[in-house]
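Source file entry-v8.pdb; content: PDB, C-alpha atoms.
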ATOM      1  CA  MET A   1     156.372  98.108  43.840
ATOM      2  CA  LYS A   2     159.953  98.147  44.992
ATOM      3  CA  ASP A   3     160.972  96.026  47.932
ATOM      4  CA  ARG A   4     161.243  98.115  51.016
ATOM      5  CA  PHE A   5     163.766  96.724  53.406
ATOM      6  CA  ASN A   6     162.051  96.043  56.708
ATOM      7  CA  LEU A   7     161.078  93.214  58.993
ATOM      8  CA  TYR A   8     157.392  93.401  58.171
ATOM      9  CA  ARG A   9     158.247  92.177  54.707
ATOM     10  CA  PHE A  10     158.640  88.660  56.138
ATOM     11  CA  ALA A  11     155.151  88.796  57.561
ATOM     12  CA  SER A  12     153.909  88.750  53.983
ATOM     13  CA  PRO A  13     153.322  85.216  52.659
ATOM     14  CA  ALA A  14     154.899  86.075  49.285
ATOM     15  CA  THR A  15     158.280  86.679  50.940
ATOM     16  CA  PHE A  16     157.922  84.141  53.727
ATOM     17  CA  TYR A  17     157.140  81.290  51.346
ATOM     18  CA  PRO A  18     160.509  81.099  49.545
ATOM     19  CA  LEU A  19     162.379  81.866  52.774
ATOM     20  CA  ALA A  20     160.702  78.915  54.502
ATOM     21  CA  GLY A  21     161.505  76.755  51.495
ATOM     22  CA  THR A  22     165.233  77.386  51.776
ATOM     23  CA  LEU A  23     165.243  76.953  55.563
ATOM     24  CA  ILE A  24     163.468  73.564  55.692
ATOM     25  CA  PRO A  25     166.429  71.358  54.592
ATOM     26  CA  TRP A  26     168.619  73.014  57.229
ATOM     27  CA  PHE A  27     166.186  72.317  60.031
ATOM     28  CA  VAL A  28     165.786  68.724  58.848
ATOM     29  CA  ALA A  29     169.563  68.259  58.806
ATOM     30  CA  LEU A  30     169.969  69.823  62.268
ATOM     31  CA  SER A  31     167.193  67.634  63.633
ATOM     32  CA  VAL A  32     168.917  64.470  62.363
ATOM     33  CA  VAL A  33     172.318  65.539  63.711
ATOM     34  CA  PHE A  34     170.957  66.476  67.157
ATOM     35  CA  GLY A  35     168.848  63.322  67.224
ATOM     36  CA  LEU A  36     171.753  60.991  66.440
ATOM     37  CA  ALA A  37     174.014  62.720  68.980
ATOM     38  CA  GLY A  38     171.270  62.638  71.627
ATOM     39  CA  LEU A  39     170.468  58.971  71.024
ATOM     40  CA  TRP A  40     174.129  58.057  71.111
ATOM     41  CA  LEU A  41     174.673  59.826  74.450
ATOM     42  CA  GLY A  42     171.355  58.838  75.990
ATOM     43  CA  MET A  43     171.022  55.255  74.825
ATOM     44  CA  LEU A  44     174.630  54.093  74.525
ATOM     45  CA  VAL A  45     176.792  56.172  76.861
ATOM     46  CA  ALA A  46     174.665  57.418  79.780
ATOM     47  CA  PRO A  47     174.922  55.301  82.959
ATOM     48  CA  THR A  48     172.153  53.373  84.702
ATOM     49  CA  ASP A  49     169.954  55.405  87.038
ATOM     50  CA  PHE A  50     170.486  54.341  90.657
ATOM     51  CA  GLN A  51     166.745  54.355  91.408
ATOM     52  CA  GLN A  52     165.019  53.519  88.147
ATOM     53  CA  GLY A  53     167.542  51.231  86.445
ATOM     54  CA  GLU A  54     167.445  51.388  82.662
ATOM     55  CA  GLY A  55     163.758  52.341  82.629
ATOM     56  CA  TYR A  56     164.631  56.001  83.137
ATOM     57  CA  ARG A  57     165.851  56.181  79.506
ATOM     58  CA  ILE A  58     162.280  56.990  78.493
ATOM     59  CA  ILE A  59     163.164  60.480  79.781
ATOM     60  CA  PHE A  60     165.098  61.156  76.549
ATOM     61  CA  ILE A  61     161.843  61.421  74.628
ATOM     62  CA  HIS A  62     159.319  62.009  77.398
ATOM     63  CA  VAL A  63     160.786  65.333  78.516
ATOM     64  CA  PRO A  64     161.482  66.745  75.007
ATOM     65  CA  ALA A  65     157.971  65.772  73.841
ATOM     66  CA  SER A  66     156.399  67.333  76.943
ATOM     67  CA  TRP A  67     158.426  70.525  76.572
ATOM     68  CA  MET A  68     157.510  70.794  72.903
ATOM     69  CA  SER A  69     153.819  70.224  73.623
ATOM     70  CA  MET A  70     153.894  73.270  75.914
ATOM     71  CA  PHE A  71     156.219  75.439  73.767
ATOM     72  CA  ILE A  72     154.223  74.851  70.595
ATOM     73  CA  TYR A  73     151.039  75.859  72.392
ATOM     74  CA  LEU A  74     152.674  79.059  73.665
ATOM     75  CA  ILE A  75     153.944  79.891  70.174
ATOM     76  CA  MET A  76     150.469  79.285  68.713
ATOM     77  CA  ALA A  77     148.926  81.505  71.391
ATOM     78  CA  GLY A  78     151.537  84.172  70.590
ATOM     79  CA  TRP A  79     150.609  84.034  66.901
ATOM     80  CA  ALA A  80     146.939  84.162  67.853
ATOM     81  CA  ALA A  81     147.532  87.322  69.902
ATOM     82  CA  ILE A  82     149.404  88.954  67.016
ATOM     83  CA  GLY A  83     146.688  87.893  64.596
ATOM     84  CA  LEU A  84     143.855  89.255  66.729
ATOM     85  CA  ALA A  85     145.677  92.518  67.464
ATOM     86  CA  PHE A  86     147.131  93.348  64.044
ATOM     87  CA  ASN A  87     145.008  91.269  61.707
ATOM     88  CA  THR A  88     148.042  89.716  60.007
ATOM     89  CA  ARG A  89     147.436  86.952  57.485
ATOM     90  CA  LEU A  90     150.476  84.920  58.409
ATOM     91  CA  SER A  91     149.543  84.387  62.083
ATOM     92  CA  GLY A  92     146.525  82.188  61.504
ATOM     93  CA  MET A  93     148.417  80.102  58.980
ATOM     94  CA  MET A  94     151.300  79.591  61.419
ATOM     95  CA  ALA A  95     148.967  78.542  64.225
ATOM     96  CA  GLN A  96     147.244  76.039  61.949
ATOM     97  CA  ALA A  97     150.551  74.657  60.730
ATOM     98  CA  LEU A  98     151.764  74.081  64.287
ATOM     99  CA  ALA A  99     148.630  72.517  65.779
ATOM    100  CA  PRO A 100     148.908  68.894  64.504
ATOM    101  CA  THR A 101     152.540  68.646  65.617
ATOM    102  CA  GLY A 102     151.658  70.103  69.009
ATOM    103  CA  ALA A 103     148.884  67.560  69.396
ATOM    104  CA  LEU A 104     151.244  64.723  68.480
ATOM    105  CA  MET A 105     153.781  65.972  71.043
ATOM    106  CA  ALA A 106     151.113  66.076  73.747
ATOM    107  CA  PHE A 107     150.042  62.572  72.765
ATOM    108  CA  LEU A 108     153.656  61.303  72.850
ATOM    109  CA  SER A 109     154.121  62.915  76.248
ATOM    110  CA  LEU A 110     151.120  60.989  77.586
ATOM    111  CA  TRP A 111     152.079  57.755  75.788
ATOM    112  CA  THR A 112     155.679  57.705  77.012
ATOM    113  CA  GLY A 113     154.451  58.824  80.435
ATOM    114  CA  ALA A 114     152.111  55.833  80.613
ATOM    115  CA  LEU A 115     154.915  53.473  79.594
ATOM    116  CA  TRP A 116     157.115  55.034  82.245
ATOM    117  CA  GLY A 117     154.437  55.124  84.938
ATOM    118  CA  LYS A 118     153.533  51.449  84.644
ATOM    119  CA  PRO A 119     156.889  49.988  85.765
ATOM    120  CA  MET A 120     157.679  52.805  88.241
ATOM    121  CA  TRP A 121     154.282  53.518  89.867
ATOM    122  CA  GLY A 122     152.432  50.337  88.894
ATOM    123  CA  ALA A 123     149.801  52.272  86.939
ATOM    124  CA  TRP A 124     149.489  53.363  83.294
ATOM    125  CA  TRP A 125     147.431  56.345  84.333
ATOM    126  CA  VAL A 126     146.487  58.232  87.487
ATOM    127  CA  TRP A 127     144.317  61.353  87.793
ATOM    128  CA  ASP A 128     147.256  63.314  89.031
ATOM    129  CA  ALA A 129     147.476  67.100  88.448
ATOM    130  CA  ARG A 130     150.403  66.896  86.000
ATOM    131  CA  LEU A 131     148.882  64.102  83.927
ATOM    132  CA  THR A 132     145.389  65.558  83.900
ATOM    133  CA  SER A 133     146.508  69.039  82.849
ATOM    134  CA  GLU A 134     148.611  67.523  80.034
ATOM    135  CA  LEU A 135     145.546  65.580  78.888
ATOM    136  CA  ILE A 136     143.598  68.865  78.835
ATOM    137  CA  LEU A 137     146.376  70.308  76.645
ATOM    138  CA  LEU A 138     145.840  67.476  74.152
ATOM    139  CA  PHE A 139     142.101  68.249  74.169
ATOM    140  CA  LEU A 140     142.839  71.954  73.577
ATOM    141  CA  TYR A 141     144.885  71.071  70.489
ATOM    142  CA  ILE A 142     142.158  68.769  69.191
ATOM    143  CA  GLY A 143     139.515  71.400  69.991
ATOM    144  CA  TYR A 144     141.459  74.074  68.116
ATOM    145  CA  MET A 145     141.858  71.855  65.053
ATOM    146  CA  ALA A 146     138.202  70.790  65.070
ATOM    147  CA  LEU A 147     136.994  74.372  65.533
ATOM    148  CA  THR A 148     139.096  75.871  62.738
ATOM    149  CA  ALA A 149     138.232  72.964  60.416
ATOM    150  CA  ALA A 150     134.516  73.484  61.067
ATOM    151  CA  ILE A 151     134.526  77.132  59.924
ATOM    152  CA  ASP A 152     134.799  77.540  56.147
ATOM    153  CA  ASP A 153     135.863  81.183  56.089
ATOM    154  CA  ALA A 154     139.584  81.218  56.902
ATOM    155  CA  LYS A 155     139.517  84.650  58.583
ATOM    156  CA  ARG A 156     136.680  83.732  60.921
ATOM    157  CA  ALA A 157     138.260  80.345  61.614
ATOM    158  CA  ASP A 158     141.484  82.087  62.632
ATOM    159  CA  LYS A 159     139.624  84.471  64.935
ATOM    160  CA  ALA A 160     137.593  81.776  66.686
ATOM    161  CA  GLY A 161     140.613  79.486  66.938
ATOM    162  CA  GLY A 162     142.760  82.357  68.205
ATOM    163  CA  LEU A 163     140.324  83.105  71.016
ATOM    164  CA  LEU A 164     140.297  79.436  72.035
ATOM    165  CA  LEU A 165     144.108  79.412  72.067
ATOM    166  CA  LEU A 166     144.276  82.539  74.253
ATOM    167  CA  VAL A 167     141.734  81.244  76.750
ATOM    168  CA  GLY A 168     143.481  77.879  76.927
ATOM    169  CA  VAL A 169     146.909  79.367  77.585
ATOM    170  CA  VAL A 170     146.047  79.440  81.314
ATOM    171  CA  ASN A 171     146.597  75.671  81.261
ATOM    172  CA  ILE A 172     150.325  75.989  80.476
ATOM    173  CA  PRO A 173     151.479  77.403  83.845
ATOM    174  CA  ILE A 174     149.152  74.875  85.485
ATOM    175  CA  ILE A 175     151.008  72.021  83.766
ATOM    176  CA  TYR A 176     154.383  73.527  84.485
ATOM    177  CA  PHE A 177     153.868  74.275  88.168
ATOM    178  CA  SER A 178     151.551  71.347  88.946
ATOM    179  CA  VAL A 179     154.378  69.335  90.524
ATOM    180  CA  LYS A 180     155.044  72.245  92.915
ATOM    181  CA  TRP A 181     151.501  73.357  93.681
ATOM    182  CA  TRP A 182     150.047  69.964  94.431
ATOM    183  CA  ASN A 183     151.241  66.685  95.870
ATOM    184  CA  THR A 184     151.593  64.729  92.701
ATOM    185  CA  LEU A 185     152.710  61.221  91.976
ATOM    186  CA  HIS A 186     154.639  62.687  89.051
ATOM    187  CA  GLN A 187     158.212  63.413  90.067
ATOM    188  CA  GLY A 188     159.494  66.989  90.272
ATOM    189  CA  SER A 189     161.610  68.472  87.517
ATOM    190  CA  SER A 190     165.066  66.959  87.092
ATOM    191  CA  VAL A 191     166.505  70.009  85.388
ATOM    192  CA  ASN A 192     166.962  73.429  86.950
ATOM    193  CA  LEU A 193     168.895  76.466  85.824
ATOM    194  CA  THR A 194     170.992  76.402  88.976
ATOM    195  CA  LYS A 195     171.428  72.710  89.730
ATOM    196  CA  SER A 196     170.440  69.545  88.058
ATOM    197  CA  SER A 197     169.848  66.186  89.701
ATOM    198  CA  MET A 198     171.112  64.277  86.685
ATOM    199  CA  ALA A 199     174.461  62.905  85.597
ATOM    200  CA  GLU A 200     176.211  65.027  82.995
ATOM    201  CA  THR A 201     175.784  62.591  80.093
ATOM    202  CA  MET A 202     172.090  62.123  80.943
ATOM    203  CA  LEU A 203     171.537  65.879  80.967
ATOM    204  CA  TRP A 204     173.354  66.440  77.670
ATOM    205  CA  GLY A 205     171.570  63.523  76.056
ATOM    206  CA  MET A 206     168.257  65.027  77.057
ATOM    207  CA  LEU A 207     169.143  68.543  75.914
ATOM    208  CA  LEU A 208     170.326  67.217  72.534
ATOM    209  CA  MET A 209     167.081  65.292  72.135
ATOM    210  CA  ALA A 210     165.162  68.458  73.032
ATOM    211  CA  MET A 211     167.061  70.313  70.279
ATOM    212  CA  CYS A 212     166.213  67.489  67.867
ATOM    213  CA  PHE A 213     162.506  67.837  68.723
ATOM    214  CA  TRP A 214     162.711  71.621  68.303
ATOM    215  CA  MET A 215     164.284  71.387  64.860
ATOM    216  CA  TYR A 216     161.845  68.662  63.827
ATOM    217  CA  SER A 217     158.865  70.771  64.896
ATOM    218  CA  ILE A 218     160.124  73.863  63.084
ATOM    219  CA  ALA A 219     160.825  71.903  59.894
ATOM    220  CA  ILE A 220     157.438  70.182  59.830
ATOM    221  CA  ALA A 221     155.552  73.398  60.667
ATOM    222  CA  LEU A 222     157.329  75.253  57.863
ATOM    223  CA  MET A 223     156.492  72.443  55.447
ATOM    224  CA  ARG A 224     152.866  72.584  56.474
ATOM    225  CA  VAL A 225     152.581  76.381  56.407
ATOM    226  CA  ARG A 226     153.850  76.496  52.825
ATOM    227  CA  THR A 227     150.992  74.288  51.684
ATOM    228  CA  ILE A 228     148.472  76.325  53.681
ATOM    229  CA  MET A 229     149.841  79.490  52.034
ATOM    230  CA  LEU A 230     149.349  78.137  48.525
ATOM    231  CA  GLU A 231     145.825  77.059  49.382
ATOM    232  CA  ARG A 232     144.748  80.290  51.027
ATOM    233  CA  GLU A 233     146.486  82.686  48.661
ATOM    234  CA  ARG A 234     145.601  80.787  45.502
ATOM    235  CA  HIS A 235     143.995  83.857  43.908
ATOM    236  CA  THR A 236     147.092  86.020  44.252
ATOM    237  CA  ASP A 237     149.613  86.551  41.491
ATOM    238  CA  TRP A 238     152.554  85.152  43.403
ATOM    239  CA  VAL A 239     150.841  81.792  44.009
ATOM    240  CA  LYS A 240     149.789  81.591  40.356
ATOM    241  CA  ALA A 241     153.385  82.267  39.311
ATOM    242  CA  GLU A 242     154.578  79.682  41.828
ATOM    243  CA  LEU A 243     152.140  77.045  40.534
ATOM    244  CA  LEU A 244     152.929  77.654  36.880
ATOM    245  CA  GLY A 245     156.646  77.748  37.545
ATOM    246  CA  LYS A 246     158.809  75.761  39.876
ATOM    247  CA  ALA A 247     156.200  74.410  42.307
ATOM    248  CA  GLY A 248     155.533  71.617  39.835
ATOM    249  CA  GLU A 249     158.732  69.835  40.730
ATOM    250  CA  GLY A 250     157.017  68.627  43.898
ATOM    251  CA  LYS A 251     159.310  70.371  46.335
TER
ATOM    252  CA  MET B 252     182.700  54.478  76.723
ATOM    253  CA  ILE B 253     179.729  52.358  75.635
ATOM    254  CA  HIS B 254     177.581  51.433  78.590
ATOM    255  CA  TRP B 255     176.361  48.021  77.319
ATOM    256  CA  ASN B 256     178.193  44.703  77.396
ATOM    257  CA  SER B 257     176.280  43.117  74.557
ATOM    258  CA  PHE B 258     173.569  43.845  72.027
ATOM    259  CA  ALA B 259     171.188  41.569  73.948
ATOM    260  CA  ASP B 260     171.777  43.699  77.058
ATOM    261  CA  PHE B 261     170.931  46.784  75.073
ATOM    262  CA  ILE B 262     167.667  45.272  73.796
ATOM    263  CA  ALA B 263     166.680  43.980  77.243
ATOM    264  CA  MET B 264     167.153  47.433  78.858
ATOM    265  CA  GLY B 265     167.595  45.816  82.257
ATOM    266  CA  GLY B 266     164.113  44.300  82.079
ATOM    267  CA  TYR B 267     162.468  47.544  80.951
ATOM    268  CA  GLY B 268     162.757  46.700  77.242
ATOM    269  CA  PHE B 269     159.023  46.686  76.567
ATOM    270  CA  TYR B 270     158.497  50.130  78.123
ATOM    271  CA  VAL B 271     161.607  51.778  76.704
ATOM    272  CA  TRP B 272     161.217  50.395  73.170
ATOM    273  CA  GLY B 273     157.467  50.960  73.248
ATOM    274  CA  SER B 274     158.180  54.641  73.888
ATOM    275  CA  PHE B 275     160.959  55.027  71.344
ATOM    276  CA  GLY B 276     159.183  52.890  68.755
ATOM    277  CA  LEU B 277     156.000  54.925  68.628
ATOM    278  CA  THR B 278     157.918  58.205  68.701
ATOM    279  CA  ALA B 279     160.049  57.068  65.740
ATOM    280  CA  LEU B 280     156.966  55.880  63.872
ATOM    281  CA  ILE B 281     155.194  59.229  64.363
ATOM    282  CA  MET B 282     158.276  61.200  63.324
ATOM    283  CA  ILE B 283     158.509  59.168  60.121
ATOM    284  CA  VAL B 284     154.810  59.078  59.256
ATOM    285  CA  GLU B 285     154.041  62.754  59.971
ATOM    286  CA  PRO B 286     156.490  64.141  57.356
ATOM    287  CA  ILE B 287     155.259  61.583  54.804
ATOM    288  CA  VAL B 288     151.661  62.688  55.351
ATOM    289  CA  VAL B 289     152.642  66.374  55.122
ATOM    290  CA  VAL B 290     154.603  65.876  51.865
ATOM    291  CA  ARG B 291     151.795  63.812  50.304
ATOM    292  CA  ASN B 292     149.231  66.405  51.270
ATOM    293  CA  ARG B 293     151.433  69.112  49.770
ATOM    294  CA  LYS B 294     151.780  67.259  46.462
ATOM    295  CA  SER B 295     148.053  66.622  46.140
ATOM    296  CA  THR B 296     147.249  70.242  47.076
ATOM    297  CA  ILE B 297     149.658  71.565  44.435
ATOM    298  CA  ALA B 298     148.207  69.215  41.806
ATOM    299  CA  ARG B 299     144.654  70.306  42.642
ATOM    300  CA  LEU B 300     145.472  74.027  42.635
ATOM    301  CA  LYS B 301     147.245  73.648  39.289
ATOM    302  CA  ARG B 302     144.209  71.926  37.783
ATOM    303  CA  GLN B 303     141.945  74.694  39.052
ATOM    304  CA  LEU B 304     144.276  77.389  37.763
ATOM    305  CA  ARG B 305     144.460  75.807  34.305
ATOM    306  CA  ALA B 306     140.677  75.502  34.172
ATOM    307  CA  GLU B 307     140.305  79.158  35.139
ATOM    308  CA  THR B 308     142.757  80.434  32.533
ATOM    309  CA  ARG B 309     141.064  78.320  29.856
ATOM    310  CA  ASN B 310     137.685  79.822  30.750
ATOM    311  CA  THR B 311     138.911  83.397  30.633
ATOM    312  CA  ALA B 312     140.688  82.790  27.315
ATOM    313  CA  GLU B 313     137.492  81.778  25.552
TER
END

What's the structure tokens form of this structure?
Amino acid sequence: MKDRFNLYRFASPATFYPLAGTLIPWFVALSVVFGLAGLWLGMLVAPTDFQQGEGYRIIFIHVPASWMSMFIYLIMAGWAAIGLAFNTRLSGMMAQALAPTGALMAFLSLWTGALWGKPMWGAWWVWDARLTSELILLFLYIGYMALTAAIDDAKRADKAGGLLLLVGVVNIPIIYFSVKWWNTLHQGSSVNLTKSSMAETMLWGMLLMAMCFWMYSIAIALMRVRTIMLERERHTDWVKAELLGKAGEGK
Amino acid sequence: MIHWNSFADFIAMGGYGFYVWGSFGLTALIMIVEPIVVVRNRKSTIARLKRQLRAETRNTAE
């Protein structure tokens, strides 16, 4: 079989696997560079906030983690839709590779939010719309992981998990718009496309940290999906060749 | 350019040290531990699949 040059080729695990392998070091490097630049701007250069003093600096991880928790869910739901519609093998693997990182991001969002809420509001937790819907997001991630882990057959696990992801996607706009739709204790968004209520260095520090979190998430998901591919495709010739050949070097 | 007057100032975070470093500390810990877990899992999976593959080829050879 000759290689036909088209995009669908990359939807096949045999071609995606080596591609992901070469991309991982680049995403790791970008994540470190963005992270160092973001920390330098956010923690060393950015001025004190006139209302929240130095406590506002939690924003440099709270906002990126919260954004990632929502983005990763949307990407997983997108893969689930593709998987259910076209029955592609890669989609279920991608969703599974992303889920633990998404759950950790949701957890970090809640953790840093609690540590921010305590000094500013006087409470670690309130049953506010923003906080509650983010907690539901964490439960959706955990539910997806538990559900797919409970079904032995990978195809059926992907289908059931995919349905859960698509049903749960309704929660994402609820999280995003909660500060507009309801009177919440949680402050409104500090960043808008048109105007931003933050100082320039604060904004850039936060955007750089968001890029760091993006690159980190992509790198870790690619690392995870490669292992899932080997496991699931272990009876194919390309995995056998991979195992007998270079995979032994523990890359 | 640097906002802080001293290292102690930086650590104190204007009295918010516990909250700020509690946030950054756990985030850093997670971002270090998660890749370690993923790499370890990958190594053990590869070792297991190799063992299985070798056992299979031995069986078919006989």

request  = Might you spell out which residues the PyMOL selection byres ((chain A) within 9 of (chain B)) would select in the displayed file, as a VMD selection string?
outcome  = chain A and resid 43 to 48 53 to 58 61 to 62 101 104 108 111 to 116 118 to 119 216 220 223 to 224 226 to 228 230 to 231 234 to 235 240 243 to 244 247 to 248 250 to 251

request  = Would you work out the distance separating atom CA of A:Val167 from atom CA of A:Pro100, expressed in Å to one decimal?
outcome  =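 Between these atoms lies a distance of 18.8 Å.
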
request  = For stretch 202-211 of chain A, work out the shell of residues within 12 Å, counting only C-alpha atoms and skipping chain neighbours fewer than 4 positions away, then give it as number ranges by chain.
outcome  = A: 27-49, 54, 56-69, 71, 105, 190-193, 195-198, 215-218; B: 275

Atom CA of A:Leu165 to atom CA of A:Ala20, straight-line distance in Å =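 Computing it gives 24.2 Å between the two atoms.
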
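Put simply, atom CA of A:Ala77 is 29.1 Å away from atom CA of A:Leu185.
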
request  = Quick one: apply the PyMOL selection byres ((chain A and resi 93) around 9) to the file and drop the selected residues here as a list of chain:residue names.
outcome  =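 Against this file, the PyMOL selection byres ((chain A and resi 93) around 9) returns the residues A:Arg89, A:Leu90, A:Ser91, A:Gly92, A:Met94, A:Ala95, A:Gln96, A:Ala97, A:Leu98, A:Asp158, A:Val225, A:Arg226, A:Ile228, A:Met229, A:Arg232.
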
Could you dump the residues just selected with C-alpha atoms as a tab-separated table (two decimals), in the frame of the given file?
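Saved file out-v3.tsv follows:
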chain	number	residue	atom	x	y	z
A	89	ARG	CA	147.44	86.95	57.48
A	90	LEU	CA	150.48	84.92	58.41
A	91	SER	CA	149.54	84.39	62.08
A	92	GLY	CA	146.52	82.19	61.50
A	94	MET	CA	151.30	79.59	61.42
A	95	ALA	CA	148.97	78.54	64.22
A	96	GLN	CA	147.24	76.04	61.95
A	97	ALA	CA	150.55	74.66	60.73
A	98	LEU	CA	151.76	74.08	64.29
A	158	ASP	CA	141.48	82.09	62.63
A	225	VAL	CA	152.58	76.38	56.41
A	226	ARG	CA	153.85	76.50	52.82
A	228	ILE	CA	148.47	76.32	53.68
A	229	MET	CA	149.84	79.49	52.03
A	232	ARG	CA	144.75	80.29	51.03

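Using only C-alpha atoms for every distance, the candidate list A:Leu84, A:Ala219, A:Ala199, A:Leu137 yields A:Leu137 as the residue closest to A:Tyr176.
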